[in-house]
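File shown: my_file13.cif (mmCIF, C-alpha atoms).
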```
data_upload
#
loop_
_atom_site.label_atom_id
_atom_site.label_comp_id
_atom_site.auth_asym_id
_atom_site.auth_seq_id
_atom_site.Cartn_x
_atom_site.Cartn_y
_atom_site.Cartn_z
CA MET M 61 -11.30 33.49 -28.80
CA THR M 62 -14.89 32.40 -28.03
CA ARG M 63 -14.84 34.38 -24.79
CA THR M 64 -13.45 37.56 -26.35
CA ARG M 65 -15.82 37.69 -29.34
CA PRO M 66 -18.76 39.27 -27.41
CA LEU M 67 -16.41 41.92 -26.03
CA LEU M 68 -15.10 42.64 -29.53
CA ASP M 69 -18.64 42.99 -30.86
CA VAL M 70 -19.56 45.40 -28.07
CA ALA M 71 -16.41 47.39 -28.77
CA ALA M 72 -17.26 47.51 -32.51
CA ALA M 73 -20.75 48.77 -31.66
CA ALA M 74 -19.34 51.48 -29.38
CA VAL M 75 -16.79 52.66 -31.96
CA THR M 76 -19.46 52.71 -34.68
CA LEU M 77 -21.77 54.78 -32.47
CA ALA M 78 -19.01 57.24 -31.67
CA VAL M 79 -18.04 57.68 -35.35
CA THR M 80 -21.66 58.04 -36.48
CA VAL M 81 -22.52 60.55 -33.78
CA GLY M 82 -19.35 62.46 -34.55
CA LEU M 83 -20.28 62.65 -38.27
CA LEU M 84 -23.80 63.84 -37.52
CA ALA M 85 -22.64 66.39 -34.96
CA GLY M 86 -19.88 67.73 -37.22
CA GLY M 87 -22.04 68.13 -40.30
CA GLY M 88 -20.35 65.41 -42.35
CA LEU M 89 -16.92 65.17 -43.94
CA GLY M 90 -17.12 67.69 -46.77
CA THR M 91 -19.06 70.83 -47.44
CA GLN M 92 -22.20 70.91 -45.39
CA ASP M 93 -25.53 70.52 -47.19
CA PRO M 94 -27.57 73.67 -46.64
CA ALA M 95 -30.71 71.57 -46.45
CA GLY M 96 -29.11 69.03 -44.11
CA ARG M 97 -30.24 68.52 -40.55
CA SER M 98 -28.02 68.84 -37.53
CA LEU M 99 -27.88 66.26 -34.77
CA ASP M 100 -31.06 66.12 -32.69
CA VAL M 101 -32.93 63.56 -30.61
CA PRO M 102 -34.41 61.63 -33.60
CA GLY M 103 -31.00 61.67 -35.29
CA LEU M 104 -29.35 60.42 -32.11
CA LEU M 105 -31.88 57.61 -31.78
CA LEU M 106 -31.31 56.59 -35.40
CA ALA M 107 -27.54 56.72 -34.85
CA VAL M 108 -27.98 54.39 -31.88
CA ALA M 109 -30.06 52.07 -34.12
CA THR M 110 -27.23 51.94 -36.66
CA ALA M 111 -24.63 50.96 -34.03
CA LEU M 112 -26.13 49.22 -31.00
CA PRO M 113 -27.43 46.10 -32.85
CA LEU M 114 -23.86 45.34 -33.98
CA ALA M 115 -23.23 43.85 -30.53
CA ALA M 116 -25.33 40.86 -31.71
CA ARG M 117 -24.00 40.70 -35.29
CA ARG M 118 -22.60 37.17 -34.90
CA ARG M 119 -25.75 35.72 -33.37
CA ALA M 120 -28.29 37.16 -35.81
CA PRO M 121 -26.44 38.77 -38.75
CA ALA M 122 -29.50 39.00 -41.02
CA VAL M 123 -31.68 40.75 -38.43
CA VAL M 124 -28.84 43.06 -37.42
CA PHE M 125 -28.18 44.06 -41.03
CA ALA M 126 -31.87 44.71 -41.65
CA VAL M 127 -32.17 46.98 -38.60
CA VAL M 128 -28.90 48.82 -39.22
CA ALA M 129 -29.59 49.25 -42.96
CA LEU M 130 -33.10 50.64 -42.36
CA ALA M 131 -31.78 53.08 -39.74
CA SER M 132 -29.01 54.20 -42.10
CA VAL M 133 -31.47 54.68 -45.00
CA ALA M 134 -33.68 56.68 -42.62
CA LEU M 135 -30.77 58.93 -41.66
CA THR M 136 -29.88 59.66 -45.30
CA THR M 137 -33.52 60.14 -46.30
CA LEU M 138 -34.03 62.66 -43.48
CA ARG M 139 -30.98 64.56 -44.80
CA TYR M 140 -28.69 63.86 -41.84
CA PRO M 141 -25.04 64.20 -42.95
CA LEU M 142 -24.21 60.47 -42.90
CA ASP M 143 -21.35 60.60 -45.39
CA VAL M 144 -19.95 57.21 -44.22
CA PRO M 145 -22.50 54.54 -43.22
CA VAL M 146 -20.12 52.78 -40.83
CA GLY M 147 -22.81 50.68 -39.16
CA ALA M 148 -24.21 49.41 -42.44
CA ALA M 149 -20.71 48.53 -43.67
CA VAL M 150 -19.91 46.48 -40.53
CA ALA M 151 -23.29 44.75 -40.71
CA ALA M 152 -22.75 43.96 -44.43
CA TYR M 153 -19.36 42.42 -43.65
CA SER M 154 -20.89 40.26 -40.89
CA LEU M 155 -23.71 39.13 -43.18
CA ALA M 156 -21.25 38.11 -45.89
CA ASP M 157 -19.08 36.32 -43.34
CA VAL M 158 -21.99 34.05 -42.39
CA TYR M 159 -24.03 33.68 -45.58
CA SER M 160 -21.48 33.86 -48.41
CA GLY M 161 -21.02 30.10 -48.12
CA ALA M 162 -24.70 29.32 -47.69
CA PRO M 163 -26.42 27.23 -50.37
CA GLY M 164 -28.42 28.71 -53.23
CA ARG M 165 -31.17 31.16 -52.33
CA ARG M 166 -29.88 32.15 -48.92
CA ARG M 167 -26.57 33.26 -50.36
CA ALA M 168 -28.30 35.14 -53.22
CA ALA M 169 -30.67 36.86 -50.78
CA ALA M 170 -27.78 37.94 -48.55
CA PHE M 171 -25.78 39.27 -51.51
CA GLY M 172 -28.86 41.11 -52.83
CA ALA M 173 -29.42 42.73 -49.44
CA VAL M 174 -25.82 43.98 -49.26
CA VAL M 175 -25.60 45.45 -52.76
CA GLY M 176 -29.23 46.64 -52.54
CA PHE M 177 -28.39 48.98 -49.70
CA VAL M 178 -27.09 51.68 -52.05
CA PRO M 179 -30.14 51.60 -54.40
CA ALA M 180 -32.34 51.85 -51.27
CA VAL M 181 -30.45 55.00 -50.26
CA ALA M 182 -30.90 56.41 -53.79
CA LEU M 183 -34.65 55.74 -53.62
CA GLY M 184 -34.81 57.50 -50.25
CA TYR M 185 -33.05 60.55 -51.69
CA ALA M 186 -35.38 60.58 -54.67
CA ALA M 187 -38.42 60.34 -52.37
CA VAL M 188 -37.51 63.59 -50.63
CA GLY M 189 -36.68 65.43 -53.87
CA VAL M 190 -32.87 65.18 -53.84
CA ASP M 191 -31.19 65.15 -57.25
CA VAL M 192 -29.82 61.61 -57.36
CA LEU M 193 -27.81 62.29 -60.53
CA ALA M 194 -25.76 64.80 -58.62
CA LEU M 195 -24.85 62.10 -56.12
CA LEU M 196 -23.91 59.42 -58.64
CA THR M 197 -20.20 59.61 -57.80
CA GLU M 198 -20.80 59.25 -54.08
CA LEU M 199 -23.38 56.50 -54.53
CA GLY M 200 -21.12 54.65 -57.01
CA PHE M 201 -18.30 54.72 -54.46
CA TRP M 202 -20.70 53.34 -51.83
CA LEU M 203 -21.75 50.54 -54.20
CA LEU M 204 -18.12 49.53 -54.81
CA ALA M 205 -17.40 49.73 -51.10
CA PHE M 206 -20.29 47.42 -50.16
CA GLY M 207 -19.25 44.98 -52.88
CA GLY M 208 -15.79 45.01 -51.33
CA PHE M 209 -17.26 44.39 -47.88
CA TRP M 210 -19.03 41.32 -49.28
CA LEU M 211 -15.74 40.01 -50.72
CA LEU M 212 -13.94 40.68 -47.45
CA GLY M 213 -16.58 38.76 -45.53
CA ASP M 214 -16.40 35.89 -48.02
CA ARG M 215 -12.61 35.72 -47.74
CA ALA M 216 -12.82 35.78 -43.94
CA ARG M 217 -15.23 32.84 -44.07
CA LEU M 218 -12.95 30.91 -46.41
CA ARG M 219 -9.96 31.59 -44.20
CA ARG M 220 -11.86 30.49 -41.10
CA GLU M 221 -12.98 27.28 -42.81
CA ARG M 222 -9.45 26.62 -44.03
CA VAL M 223 -8.06 27.07 -40.52
CA ALA M 224 -10.78 24.81 -39.13
CA ASP M 225 -9.97 22.20 -41.78
CA LEU M 226 -6.26 22.37 -40.95
CA GLU M 227 -7.03 22.02 -37.25
CA GLU M 228 -9.26 19.02 -37.96
CA ARG M 229 -6.54 17.46 -40.09
CA ALA M 230 -4.04 18.02 -37.31
CA ARG M 231 -6.39 16.42 -34.79
CA ARG M 232 -7.06 13.55 -37.17
CA ALA M 233 -3.35 13.07 -37.79
CA GLU M 234 -2.75 13.10 -34.04
CA ARG M 235 -5.50 10.52 -33.53
CA ASP M 236 -4.08 8.38 -36.34
CA ALA M 237 -0.59 8.66 -34.90
CA GLU M 238 -1.90 7.68 -31.48
CA ARG M 239 -3.79 4.75 -32.99
CA GLU M 240 -0.69 3.63 -34.90
CA ARG M 241 1.35 3.93 -31.74
CA ARG M 242 -1.14 1.80 -29.84
CA LEU M 243 -1.22 -0.78 -32.64
CA ALA M 244 2.58 -0.86 -32.73
CA ALA M 245 2.64 -1.24 -28.95
CA ALA M 246 0.10 -4.08 -29.18
CA GLU M 247 2.15 -5.82 -31.86
CA GLU M 248 5.29 -5.38 -29.78
CA ARG M 249 3.53 -6.79 -26.75
CA THR M 250 2.41 -9.78 -28.81
CA ARG M 251 5.95 -10.33 -30.05
CA ILE M 252 7.33 -10.05 -26.52
CA ALA M 253 4.69 -12.48 -25.26
CA ARG M 254 5.69 -14.99 -27.93
CA GLU M 255 9.34 -14.54 -27.04
CA LEU M 256 8.46 -15.12 -23.40
CA HIS M 257 6.54 -18.26 -24.29
CA ASP M 258 9.36 -19.62 -26.46
CA SER M 259 12.07 -18.87 -23.92
CA ALA M 260 10.12 -20.19 -20.94
CA GLY M 261 9.02 -23.31 -22.81
CA HIS M 262 12.55 -24.04 -23.92
CA ALA M 263 13.95 -23.51 -20.43
CA ILE M 264 11.29 -25.65 -18.77
CA ASN M 265 11.93 -28.50 -21.20
CA VAL M 266 15.67 -28.30 -20.52
CA ILE M 267 15.00 -28.28 -16.79
CA LEU M 268 12.71 -31.31 -17.11
CA VAL M 269 15.34 -33.26 -19.06
CA GLN M 270 18.07 -32.33 -16.58
CA ALA M 271 15.88 -33.12 -13.57
CA ALA M 272 15.13 -36.55 -15.00
CA ALA M 273 18.84 -37.13 -15.67
CA ALA M 274 19.76 -36.01 -12.16
CA ARG M 275 17.21 -38.39 -10.66
CA LEU M 276 18.41 -41.35 -12.74
CA LEU M 277 22.11 -40.62 -12.18
CA HIS M 278 21.85 -39.66 -8.51
CA GLU M 279 23.28 -42.95 -7.21
CA ARG M 280 24.98 -44.36 -10.31
CA ASP M 281 26.94 -41.25 -11.37
CA PRO M 282 26.83 -38.50 -8.70
CA CYS M 283 29.22 -36.29 -10.71
CA ARG M 284 26.95 -36.12 -13.74
CA SER M 285 23.96 -35.75 -11.43
CA ARG M 286 25.52 -32.66 -9.86
CA GLN M 287 26.33 -31.36 -13.34
CA ALA M 288 22.68 -31.73 -14.34
CA ILE M 289 21.58 -29.89 -11.20
CA THR M 290 24.08 -27.11 -11.98
CA THR M 291 22.63 -26.82 -15.50
CA ILE M 292 19.12 -26.58 -14.01
CA GLU M 293 20.29 -23.75 -11.77
CA GLU M 294 21.93 -21.86 -14.65
CA VAL M 295 18.95 -22.27 -16.99
CA ALA M 296 16.49 -21.26 -14.25
CA ARG M 297 18.55 -18.16 -13.40
CA GLU M 298 18.79 -17.19 -17.08
CA ILE M 299 15.10 -17.64 -17.82
CA ALA M 300 14.19 -15.76 -14.62
CA GLY M 301 16.24 -12.79 -15.84
CA GLU M 302 14.73 -12.94 -19.29
CA ILE M 303 11.19 -13.16 -17.90
CA ASP M 304 11.90 -10.15 -15.68
CA ARG M 305 13.18 -8.14 -18.64
CA LEU M 306 10.30 -9.09 -20.93
CA VAL M 307 7.62 -8.49 -18.30
CA ARG M 308 9.15 -5.09 -17.59
CA ALA M 309 8.92 -4.34 -21.30
CA LEU M 310 5.26 -5.39 -21.31
CA ARG M 311 4.54 -2.88 -18.54
CA HIS M 312 6.00 0.08 -20.43
CA ASP M 313 4.92 0.98 -23.96
CA ASP M 314 8.01 3.10 -24.60
CA VAL M 315 10.45 0.25 -23.93
CA ASP M 316 11.95 -1.19 -27.07
CA PRO M 317 13.56 -4.46 -26.00
CA ARG M 318 16.22 -5.84 -28.27
CA THR M 319 15.79 -9.18 -29.91
CA PRO M 320 16.71 -11.65 -27.16
CA ALA M 321 18.31 -14.23 -29.48
CA ASN M 322 19.50 -14.61 -33.05
CA LEU M 323 21.91 -16.73 -35.05
CA SER M 324 24.88 -14.89 -33.58
CA ALA M 325 24.09 -16.78 -30.35
CA LEU M 326 23.92 -20.18 -32.08
CA GLY M 327 27.12 -21.37 -30.41
CA GLU M 328 25.68 -20.69 -26.95
CA LEU M 329 22.51 -22.55 -27.89
CA LEU M 330 24.43 -25.63 -29.02
CA GLU M 331 26.68 -25.59 -25.96
CA ARG M 332 23.67 -25.37 -23.68
CA HIS M 333 22.13 -28.45 -25.26
CA ARG M 334 25.44 -30.31 -25.15
CA ALA M 335 25.62 -29.49 -21.45
CA THR M 336 22.30 -31.31 -21.02
CA GLY M 337 23.80 -34.45 -22.55
CA LEU M 338 22.54 -34.02 -26.12
CA THR M 339 25.19 -34.74 -28.75
CA VAL M 340 24.85 -32.09 -31.44
CA ASP M 341 26.71 -32.05 -34.76
CA LEU M 342 26.57 -28.96 -36.95
CA ASP M 343 27.21 -28.58 -40.68
CA VAL M 344 27.33 -25.09 -42.17
CA VAL M 345 27.02 -25.16 -45.96
CA GLY M 346 27.72 -22.01 -47.93
CA GLU M 347 29.17 -18.70 -46.88
CA PRO M 348 27.50 -17.24 -43.76
CA ARG M 349 25.92 -13.91 -44.61
CA GLY M 350 24.14 -11.00 -43.01
CA LEU M 351 20.48 -11.66 -42.20
CA THR M 352 17.63 -9.37 -41.34
CA ARG M 353 16.58 -9.39 -37.72
CA GLY M 354 13.34 -11.26 -38.44
CA VAL M 355 15.04 -14.08 -40.38
CA SER M 356 17.90 -14.37 -37.87
CA GLN M 357 15.55 -14.49 -34.89
CA ALA M 358 13.18 -16.94 -36.57
CA ALA M 359 16.08 -19.26 -37.50
CA TYR M 360 17.36 -19.21 -33.92
CA ARG M 361 13.94 -19.95 -32.42
CA ILE M 362 13.32 -22.76 -34.94
CA LEU M 363 16.64 -24.36 -34.03
CA GLN M 364 15.88 -23.89 -30.34
CA GLU M 365 12.51 -25.61 -30.62
CA ALA M 366 13.85 -28.41 -32.83
CA LEU M 367 16.74 -29.18 -30.47
CA THR M 368 14.44 -29.08 -27.45
CA ASN M 369 12.18 -31.52 -29.25
CA ALA M 370 15.19 -33.75 -30.02
CA ALA M 371 16.30 -33.68 -26.38
CA ARG M 372 12.87 -34.68 -25.11
CA HIS M 373 11.97 -37.37 -27.64
CA GLY M 374 15.27 -38.37 -29.28
CA ASP M 375 17.93 -40.89 -28.37
CA GLY M 376 20.43 -38.26 -27.22
CA ALA M 377 21.93 -37.15 -30.54
CA ALA M 378 20.90 -34.65 -33.20
CA ARG M 379 22.31 -33.40 -36.46
CA VAL M 380 21.92 -29.74 -37.51
CA ALA M 381 22.55 -28.52 -41.03
CA LEU M 382 22.51 -24.80 -41.78
CA ARG M 383 22.69 -24.03 -45.48
CA TYR M 384 23.10 -20.52 -46.92
CA ALA M 385 21.68 -20.39 -50.43
CA THR M 386 21.55 -17.31 -52.66
CA ASP M 387 17.91 -16.65 -51.88
CA ALA M 388 17.18 -18.55 -48.67
CA VAL M 389 18.46 -20.05 -45.46
CA GLU M 390 17.71 -23.74 -45.05
CA ILE M 391 17.60 -25.40 -41.64
CA VAL M 392 17.55 -29.17 -41.12
CA VAL M 393 17.45 -30.85 -37.73
CA VAL M 394 17.44 -34.68 -37.67
CA ASN M 395 17.41 -37.02 -34.69
CA ARG M 396 16.67 -40.69 -34.06
CA ARG M 397 13.49 -41.40 -32.17
CA ARG M 398 13.88 -42.83 -28.74
CA PRO M 399 13.03 -46.54 -28.61
CA GLY M 400 9.56 -47.02 -27.19
CA ASP M 401 8.59 -43.38 -27.81
CA ASP M 402 5.10 -43.74 -29.26
CA GLU M 403 4.12 -40.08 -28.86
CA ARG M 404 2.50 -38.67 -31.95
CA ARG M 405 5.10 -36.69 -33.86
CA ASP M 406 3.24 -35.54 -36.98
CA GLY M 407 3.26 -31.89 -35.97
CA THR M 408 -0.40 -31.70 -35.04
CA ALA M 409 0.37 -31.62 -31.31
CA GLY M 410 2.81 -29.57 -29.30
CA HIS M 411 3.30 -25.82 -29.23
CA GLY M 412 6.94 -26.13 -30.29
CA ILE M 413 6.15 -27.69 -33.66
CA VAL M 414 3.26 -25.27 -34.15
CA GLY M 415 5.62 -22.38 -33.37
CA ILE M 416 8.13 -23.63 -35.95
CA ARG M 417 5.44 -23.75 -38.62
CA GLU M 418 4.11 -20.30 -37.68
CA ARG M 419 7.52 -18.65 -37.84
CA ALA M 420 8.29 -20.18 -41.22
CA THR M 421 4.87 -19.23 -42.62
CA LEU M 422 5.07 -15.63 -41.38
CA LEU M 423 8.30 -15.15 -43.34
CA GLY M 424 6.89 -16.78 -46.47
CA GLY M 425 8.97 -19.92 -46.03
CA THR M 426 8.21 -23.63 -46.04
CA CYS M 427 8.25 -26.16 -43.24
CA VAL M 428 8.22 -29.96 -43.34
CA VAL M 429 8.09 -31.63 -39.93
CA GLY M 430 7.47 -35.27 -39.14
CA PRO M 431 8.82 -38.78 -38.71
CA VAL M 432 10.76 -40.41 -41.52
CA GLY M 433 11.38 -44.06 -40.73
CA GLY M 434 13.04 -44.18 -37.36
CA ARG M 435 14.06 -40.54 -37.51
CA PHE M 436 12.30 -37.28 -36.85
CA GLU M 437 13.13 -34.42 -39.20
CA VAL M 438 12.55 -30.68 -39.17
CA ARG M 439 13.21 -29.06 -42.54
CA VAL M 440 12.62 -25.31 -42.85
CA ARG M 441 13.39 -22.94 -45.68
CA LEU M 442 13.37 -19.19 -44.91
CA PRO M 443 13.52 -16.91 -47.98
CA LEU M 444 15.89 -13.96 -47.90
CA PRO M 445 14.79 -10.47 -49.02
CA PRO M 446 16.45 -9.35 -52.27
CA ALA M 447 18.05 -6.38 -50.47
CA GLU M 448 20.30 -8.62 -48.39
CA ALA M 449 23.88 -8.72 -49.59
CA PRO M 450 26.34 -11.60 -49.19
CA ALA M 451 29.01 -11.23 -46.56
CA GLY M 452 31.93 -9.18 -47.73
CA ARG M 453 29.83 -6.77 -49.76
CA GLY M 454 28.60 -4.69 -46.89
CA THR M 455 25.76 -5.22 -44.50
CA PRO M 456 22.72 -3.04 -45.09
CA ALA M 457 21.03 -1.16 -42.28
CA GLY M 458 18.84 -3.29 -40.06
CA VAL M 459 20.73 -6.49 -40.93
CA GLU M 460 22.30 -8.65 -38.26
CA THR M 461 25.55 -10.42 -38.93
CA SER M 462 25.97 -14.14 -38.34
CA ALA M 463 29.27 -13.79 -36.50
CA GLY M 464 28.48 -16.76 -34.31
CA VAL M 465 27.78 -18.95 -37.32
CA GLU M 466 30.98 -17.83 -39.02
CA ALA M 467 32.95 -18.76 -35.93
CA LEU M 468 31.25 -22.14 -35.76
CA ALA M 469 31.90 -22.76 -39.43
CA ARG M 470 35.63 -21.96 -39.05
CA SER M 471 36.13 -23.93 -35.83
CA PRO M 472 35.85 -27.74 -35.95
CA VAL M 473 35.93 -27.83 -32.14
CA ALA M 474 32.80 -25.71 -31.89
CA VAL M 475 30.67 -28.33 -33.63
CA GLY M 476 31.02 -30.80 -30.83
CA SER M 477 32.68 -34.00 -31.95
CA GLY M 478 33.88 -32.48 -35.20
CA SER M 479 32.30 -35.32 -37.13
CA SER M 480 30.72 -34.54 -40.44
CA ARG M 481 28.12 -37.28 -39.95
CA GLY M 482 25.05 -37.32 -37.75
CA PRO M 483 23.06 -40.16 -36.29
CA ASP M 484 22.00 -41.31 -39.73
CA GLY M 485 24.77 -40.08 -41.95
CA PRO M 486 25.14 -36.68 -43.60
CA VAL M 487 22.08 -34.56 -44.20
CA ARG M 488 21.39 -33.80 -47.84
#
```

Please express what this file holds, its structure, as C-alpha cells.
Amino acid sequence: MTRTRPLLDVAAAAVTLAVTVGLLAGGGLGTQDPAGRSLDVPGLLLAVATALPLAARRRAPAVVFAVVALASVALTTLRYPLDVPVGAAVAAYSLADVYSGAPGRRRAAAFGAVVGFVPAVALGYAAVGVDVLALLTELGFWLLAFGGFWLLGDRARLRRERVADLEERARRAERDAERERRLAAAEERTRIARELHDSAGHAINVILVQAAAARLLHERDPCRSRQAITTIEEVAREIAGEIDRLVRALRHDDVDPRTPANLSALGELLERHRATGLTVDLDVVGEPRGLTRGVSQAAYRILQEALTNAARHGDGAARVALRYATDAVEIVVVNRRRPGDDERRDGTAGHGIVGIRERATLLGGTCVVGPVGGRFEVRVRLPLPPAEAPAGRGTPAGVETSAGVEALARSPVAVGSGSSRGPDGPVR
C-alpha cells in the first residue's frame, strides 16, 4: 500500500486535470454564461494549478489545499465555467483526512479553510460584479458538498486509526501468545529437569546400594550378588531410557512428555525396592480415589525419595502408610535407623528431603521429616482440590486413577510379607 500511494496520487491529479480541462473547454455543465470565458492559456495554467499539486496531497495537505483553492477561486473569479471544483474537493478531503484528528487550533484552522472555500468564491464573484444572490443555490450546494468532504475525510481517518489499532492489538496478542508459549516452555523444561534429577538421583542411589550389596555378598552369597548386579543393570537401562526421553523433550519445545510416574505405578516402585533387599510393608487406609496429575505425581516422587532414603540409611525395612481422607492424601514412611548411622537426618541436608518438602509446599500441603527416637519418619499431607470426586462417582477430566493402589489394597501378596505391622508396629 505504501508503494502504490504515490501512483494513486498521480492518477488522481491526472484525472482531476482531465475533468477540469474538459469542463473549461466544454463551457461548463449547464447553460453557458454569456460573460464566461472559454479555455485559453491562462485558464489552462490555472487548471493545471488546481490539479497538479494533488500528486503531493499526502505529503503537504495544507500547502496543496491552499494552492488548489486559490487557483480554483481565481478560475471562478475570472468567469471560467468551473461548475465543479474537483481539485478543491479532493484537496479538502485530503486536508480533513490529516487534520480532522489534530488537537485544538490546527483542527479548527483546517475546518475553517475547507468551509471557507465557498465564501471565498462568493467574494470573488462579488468583486467582479456578479450577482451573488442569483448563485445562492449553487453556492449553498457547494457549501454542503465541502462539509461532506470534511466528514468523509474525518471518517477515513477514524477508519484508518481503527484498523491500525486492530493491527497493533493483533501484533500485541501475538507477542503475548509467543511470550506465554516461551514461559510455558520454560516451565515445562524446569519440570522435566526436576523429573530428570529425581529419576537419576533415585536410580543412582539404588545402584549404589546394590553395588555395595554385590561387593559384600560376592564371596559369601554369589547368588544374591548376581541378583544385585542384575538389578543394577535393569535400573541403569531404565534410567538411561528415561534420561534419553527427557533430554529429547528438553531439545524440542513442542514435545509434551507425559508424566513419567504416578501412583498407578506404586506397585512397580515397591517391587523395585524389594528387589534391592528392602523389606517394604504397605497399608492403604480408605478408599483409593482419582487424583489430579500433580497430586499423583507428587505422591509418587515423595514415596520414591522416602524409600530411597530408607534404603540408604535404614536397617533394611520400611513401613508405608497411604491414607485417603475426604480432603487430602496422607503419606507416612517409617524406617529404623541403621545402627552406627550418625548422619544428620533433620532434613537440612540432602536433595531428597528438600525435594519432598518442596513438592508438599507447592501443593499447599504439610511435611514433617526427621528422626523420632530410633526411627526416621516422613509424614506428608497433600490436600485434594474440591473438584475431585471419590472413586465410583466418575473421574473428572485431567484426573488420574489410582488403579495400582487399588490393586495393592485388594491384594495381600502385593504388600510384600502381608503383615499389617512395620518395623515399629502399625503407623497411626

* In Å, rounded to a single decimal, give me how far CA of Ala216 (chain M) is from CA of Glu228 (chain M). =>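 Straight-line distance from CA of Glu228 (chain M) to CA of Ala216 (chain M) works out to 18.1 Å.
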
* Asked: Could you state the separation of CA of Thr336 (chain M) and CA of Ser285 (chain M) in Å, given to one decimal place?
  -> 10.7 Å

* To do: With a distance cut-off of 8 Å and only C-alpha atoms, select the neighbouring residues of Ile416 (chain M), excluding the residue or stretch itself and same-chain residues fewer than 5 positions from it, and output the selection as a VMD selection string.
  => chain M and resid 361 to 362 365 427

* Name the residues that the PyMOL selection byres ((chain M and resi 95-109) around 12) picks from the file above, as a ChimeraX atom specification, using the file's chain letters and numbers. => /M:73-88,91-94,110-115,124-143,145-148,151,188-190

* Rounded to one decimal in Å, what is the spacing between CA of Val269 (chain M) and CA of Gln287 (chain M)? ->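 Between these atoms lies a distance of 12.5 Å.
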
Result set, the PyMOL selection byres ((chain M and resi 284) around 12) on current file, as a PDB file with C-alpha atoms, keeping the file's coordinate frame:
```pdb
ATOM      1  CA  GLN M 270      18.070 -32.330 -16.580  1.00  0.00           C
ATOM      2  CA  ALA M 271      15.880 -33.120 -13.570  1.00  0.00           C
ATOM      3  CA  ALA M 272      15.130 -36.550 -15.000  1.00  0.00           C
ATOM      4  CA  ALA M 273      18.840 -37.130 -15.670  1.00  0.00           C
ATOM      5  CA  ALA M 274      19.760 -36.010 -12.160  1.00  0.00           C
ATOM      6  CA  ARG M 275      17.210 -38.390 -10.660  1.00  0.00           C
ATOM      7  CA  LEU M 276      18.410 -41.350 -12.740  1.00  0.00           C
ATOM      8  CA  LEU M 277      22.110 -40.620 -12.180  1.00  0.00           C
ATOM      9  CA  HIS M 278      21.850 -39.660  -8.510  1.00  0.00           C
ATOM     10  CA  GLU M 279      23.280 -42.950  -7.210  1.00  0.00           C
ATOM     11  CA  ARG M 280      24.980 -44.360 -10.310  1.00  0.00           C
ATOM     12  CA  ASP M 281      26.940 -41.250 -11.370  1.00  0.00           C
ATOM     13  CA  PRO M 282      26.830 -38.500  -8.700  1.00  0.00           C
ATOM     14  CA  CYS M 283      29.220 -36.290 -10.710  1.00  0.00           C
ATOM     15  CA  SER M 285      23.960 -35.750 -11.430  1.00  0.00           C
ATOM     16  CA  ARG M 286      25.520 -32.660  -9.860  1.00  0.00           C
ATOM     17  CA  GLN M 287      26.330 -31.360 -13.340  1.00  0.00           C
ATOM     18  CA  ALA M 288      22.680 -31.730 -14.340  1.00  0.00           C
ATOM     19  CA  ILE M 289      21.580 -29.890 -11.200  1.00  0.00           C
ATOM     20  CA  THR M 290      24.080 -27.110 -11.980  1.00  0.00           C
ATOM     21  CA  THR M 291      22.630 -26.820 -15.500  1.00  0.00           C
ATOM     22  CA  ALA M 335      25.620 -29.490 -21.450  1.00  0.00           C
ATOM     23  CA  THR M 336      22.300 -31.310 -21.020  1.00  0.00           C
ATOM     24  CA  GLY M 337      23.800 -34.450 -22.550  1.00  0.00           C
TER      25      GLY M 337
END
```

Answer key for the PyMOL selection byres ((chain M and resi 199-206) around 10), residues as a tab-separated table (two decimals) with C-alpha atoms, in the coordinates of the input:
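Saved the output as result_35.tsv:
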```
chain	number	residue	atom	x	y	z
M	143	ASP	CA	-21.35	60.60	-45.39
M	144	VAL	CA	-19.95	57.21	-44.22
M	145	PRO	CA	-22.50	54.54	-43.22
M	148	ALA	CA	-24.21	49.41	-42.44
M	149	ALA	CA	-20.71	48.53	-43.67
M	150	VAL	CA	-19.91	46.48	-40.53
M	152	ALA	CA	-22.75	43.96	-44.43
M	153	TYR	CA	-19.36	42.42	-43.65
M	171	PHE	CA	-25.78	39.27	-51.51
M	174	VAL	CA	-25.82	43.98	-49.26
M	175	VAL	CA	-25.60	45.45	-52.76
M	176	GLY	CA	-29.23	46.64	-52.54
M	177	PHE	CA	-28.39	48.98	-49.70
M	178	VAL	CA	-27.09	51.68	-52.05
M	179	PRO	CA	-30.14	51.60	-54.40
M	181	VAL	CA	-30.45	55.00	-50.26
M	182	ALA	CA	-30.90	56.41	-53.79
M	192	VAL	CA	-29.82	61.61	-57.36
M	193	LEU	CA	-27.81	62.29	-60.53
M	194	ALA	CA	-25.76	64.80	-58.62
M	195	LEU	CA	-24.85	62.10	-56.12
M	196	LEU	CA	-23.91	59.42	-58.64
M	197	THR	CA	-20.20	59.61	-57.80
M	198	GLU	CA	-20.80	59.25	-54.08
M	207	GLY	CA	-19.25	44.98	-52.88
M	208	GLY	CA	-15.79	45.01	-51.33
M	209	PHE	CA	-17.26	44.39	-47.88
M	210	TRP	CA	-19.03	41.32	-49.28
M	211	LEU	CA	-15.74	40.01	-50.72
M	212	LEU	CA	-13.94	40.68	-47.45
```

* Near Val394 (chain M), counting only C-alpha atoms, which residues have an atom at most 6 Å away, once you skip same-chain residues fewer than 4 positions from it, shown as a list of chain:residue names? -> M:Ala378, M:Arg379, M:Phe436, M:Glu437

Would you fill the gaps in region 208-212 of chain M so it has N, CA and C atoms, then print it as a short mmCIF file (atom, residue, chain, number, x, y, z; two decimals), in the frame of the given file?
```cif
data_model
loop_
_atom_site.label_atom_id
_atom_site.label_comp_id
_atom_site.auth_asym_id
_atom_site.auth_seq_id
_atom_site.Cartn_x
_atom_site.Cartn_y
_atom_site.Cartn_z
N GLY M 208 -17.05 45.41 -51.96
CA GLY M 208 -15.79 45.01 -51.33
C GLY M 208 -16.01 44.41 -49.95
N PHE M 209 -16.96 44.96 -49.19
CA PHE M 209 -17.26 44.39 -47.88
C PHE M 209 -17.77 42.95 -48.01
N TRP M 210 -18.56 42.69 -49.05
CA TRP M 210 -19.03 41.32 -49.28
C TRP M 210 -17.85 40.38 -49.57
N LEU M 211 -16.91 40.84 -50.41
CA LEU M 211 -15.74 40.01 -50.72
C LEU M 211 -14.87 39.78 -49.49
N LEU M 212 -14.72 40.84 -48.68
CA LEU M 212 -13.94 40.68 -47.45
C LEU M 212 -14.58 39.66 -46.52
#
```
